[in-house]
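Taking it in order: structure first as C-alpha cells, then the write-up.
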Amino acid sequence: MHDVRKLGIEAIVERTVEIVGPGPVFLSVDVDVLDPAFAPGTGTPEPGRMTSTDLLWAVRALAERLALVGADVVEVSRPRSDPPT
C-alpha cells in the first residue's frame, strides 16, 4: 500500500493495463488488500491498507480499460466476518 500511495492509484491502474494487455481478463480481488476497518473478514488484518472507495475506483477503472470476462473476491475468513453474538 505504501507503493500505491507513493505512485498514486491511477499510476498503478495504468501500469496494470500495460502489463496485462487488452484481454480477455479475469480479475481476482484478494480482500486482504483492504484495511480491516472496511473488511473485517480479512484473513490478515493490518491497518493502513486500501479503503473500499479506492478499491471500487480501481476495479471500475480496470473494467473500463480491459475486456473483463469475469471477476471474484477471495480469502474472506468466515470466523472474522461473522457478526458477534
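Just remember, in the C-alpha cells the first chain shown is A, the second B, etc., residues are 1-based per chain, and ligands are 1-based in the order shown.
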
- request: Please run DSSP on the backbone and report, as a list in words, all residues within chain A that come out as strand (DSSP E).
  value: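 Everything in chain A that counts as strand (DSSP E) is Val25, Phe26, Leu27, Ser28, Val29, Asp30, Leu68, Val69, Gly70, Ala71, Asp72, Val73 and Val74 of chain A.
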
Distance query Leu55 in chain A at most 10 Å, only C-alpha atoms, self and fewer than 6 positions along chain excluded, as a PDB file with C-alpha atoms, in the first residue's frame:
ATOM      1  CA  ILE A   9      -3.602   4.597  -7.641  1.00  0.00           C
ATOM      2  CA  VAL A  29      -9.526  -9.324  -5.874  1.00  0.00           C
ATOM      3  CA  VAL A  31      -9.870  -8.999   0.232  1.00  0.00           C
ATOM      4  CA  VAL A  33      -5.883  -5.580   0.104  1.00  0.00           C
ATOM      5  CA  LEU A  34      -8.495  -3.767   2.215  1.00  0.00           C
ATOM      6  CA  ALA A  61     -11.124   1.909 -13.861  1.00  0.00           C
TER       7      ALA A  61
END

query: So how far away is CA of Arg65 in chain A from CA of Glu18 in chain A, in Å?
result: 10.2 Å

task: Write out as a list in words the residues lying within 10 Å of Leu27 in chain A, counting only C-alpha atoms and excluding same-chain residues fewer than 5 positions away.
output: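 Contacts, in chain order: Val59, Leu62, Ala63, Leu66, Leu68, Val69, Gly70, Ala71, Asp72 and Val73 of chain A.
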
Please write the residues from the selection above to a file, keeping C-alpha atoms, as a PDB file, in the first residue's frame.
ATOM      1  CA  VAL A  59     -11.884  -2.062 -10.191  1.00  0.00           C
ATOM      2  CA  LEU A  62      -9.785  -1.527 -14.836  1.00  0.00           C
ATOM      3  CA  ALA A  63     -13.225  -2.633 -16.053  1.00  0.00           C
ATOM      4  CA  LEU A  66      -9.830  -4.043 -20.069  1.00  0.00           C
ATOM      5  CA  LEU A  68     -13.135  -8.317 -18.358  1.00  0.00           C
ATOM      6  CA  VAL A  69     -14.753 -11.721 -18.723  1.00  0.00           C
ATOM      7  CA  GLY A  70     -15.229 -12.311 -15.005  1.00  0.00           C
ATOM      8  CA  ALA A  71     -14.170 -11.393 -11.500  1.00  0.00           C
ATOM      9  CA  ASP A  72     -14.190 -12.714  -7.956  1.00  0.00           C
ATOM     10  CA  VAL A  73     -13.321 -11.747  -4.398  1.00  0.00           C
TER      11      VAL A  73
END

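Nearest to Ala39 in chain A of all the residues A:Val20, A:Val74, A:Lys6, A:Glu14 is A:Val74, counting only C-alpha atoms.
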
Spatial neighbours of Met1 in chain A, 8 Å, only C-alpha atoms, chain gap at least 6 places, as a PDB file with N, CA and C atoms, in the first residue's frame:
ATOM      1  N   GLY A  48      -3.959   0.465   7.649  1.00  0.00           N
ATOM      2  CA  GLY A  48      -3.242   1.245   6.644  1.00  0.00           C
ATOM      3  C   GLY A  48      -3.360   0.723   5.234  1.00  0.00           C
ATOM      4  N   ARG A  49      -4.218  -0.224   5.040  1.00  0.00           N
ATOM      5  CA  ARG A  49      -4.394  -0.761   3.690  1.00  0.00           C
ATOM      6  C   ARG A  49      -5.405   0.068   2.913  1.00  0.00           C
ATOM      7  N   MET A  50      -5.810  -0.422   1.765  1.00  0.00           N
ATOM      8  CA  MET A  50      -6.698   0.289   0.857  1.00  0.00           C
ATOM      9  C   MET A  50      -8.091   0.470   1.450  1.00  0.00           C
TER      10      MET A  50
END

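Distances to Leu56 in chain A were evaluated for A:Phe38, A:Arg5, A:Phe26, A:Gly43 using only C-alpha atoms, and the minimum falls at A:Phe38.
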
Which residue of A:Thr44, A:Asp35, A:Gly8, A:Pro22 approaches Glu75 in chain A most closely, using only C-alpha atoms: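 Closest to Glu75 in chain A of all the choices is A:Thr44.
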
Expected answer as a ChimeraX atom specification: helix (DSSP H, G or I) residues in chain A: /A:2-7,9-20,31-33,52-65,78-81

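Between CA of Glu46 in chain A and CA of Val4 in chain A lies a distance of 15.7 Å.
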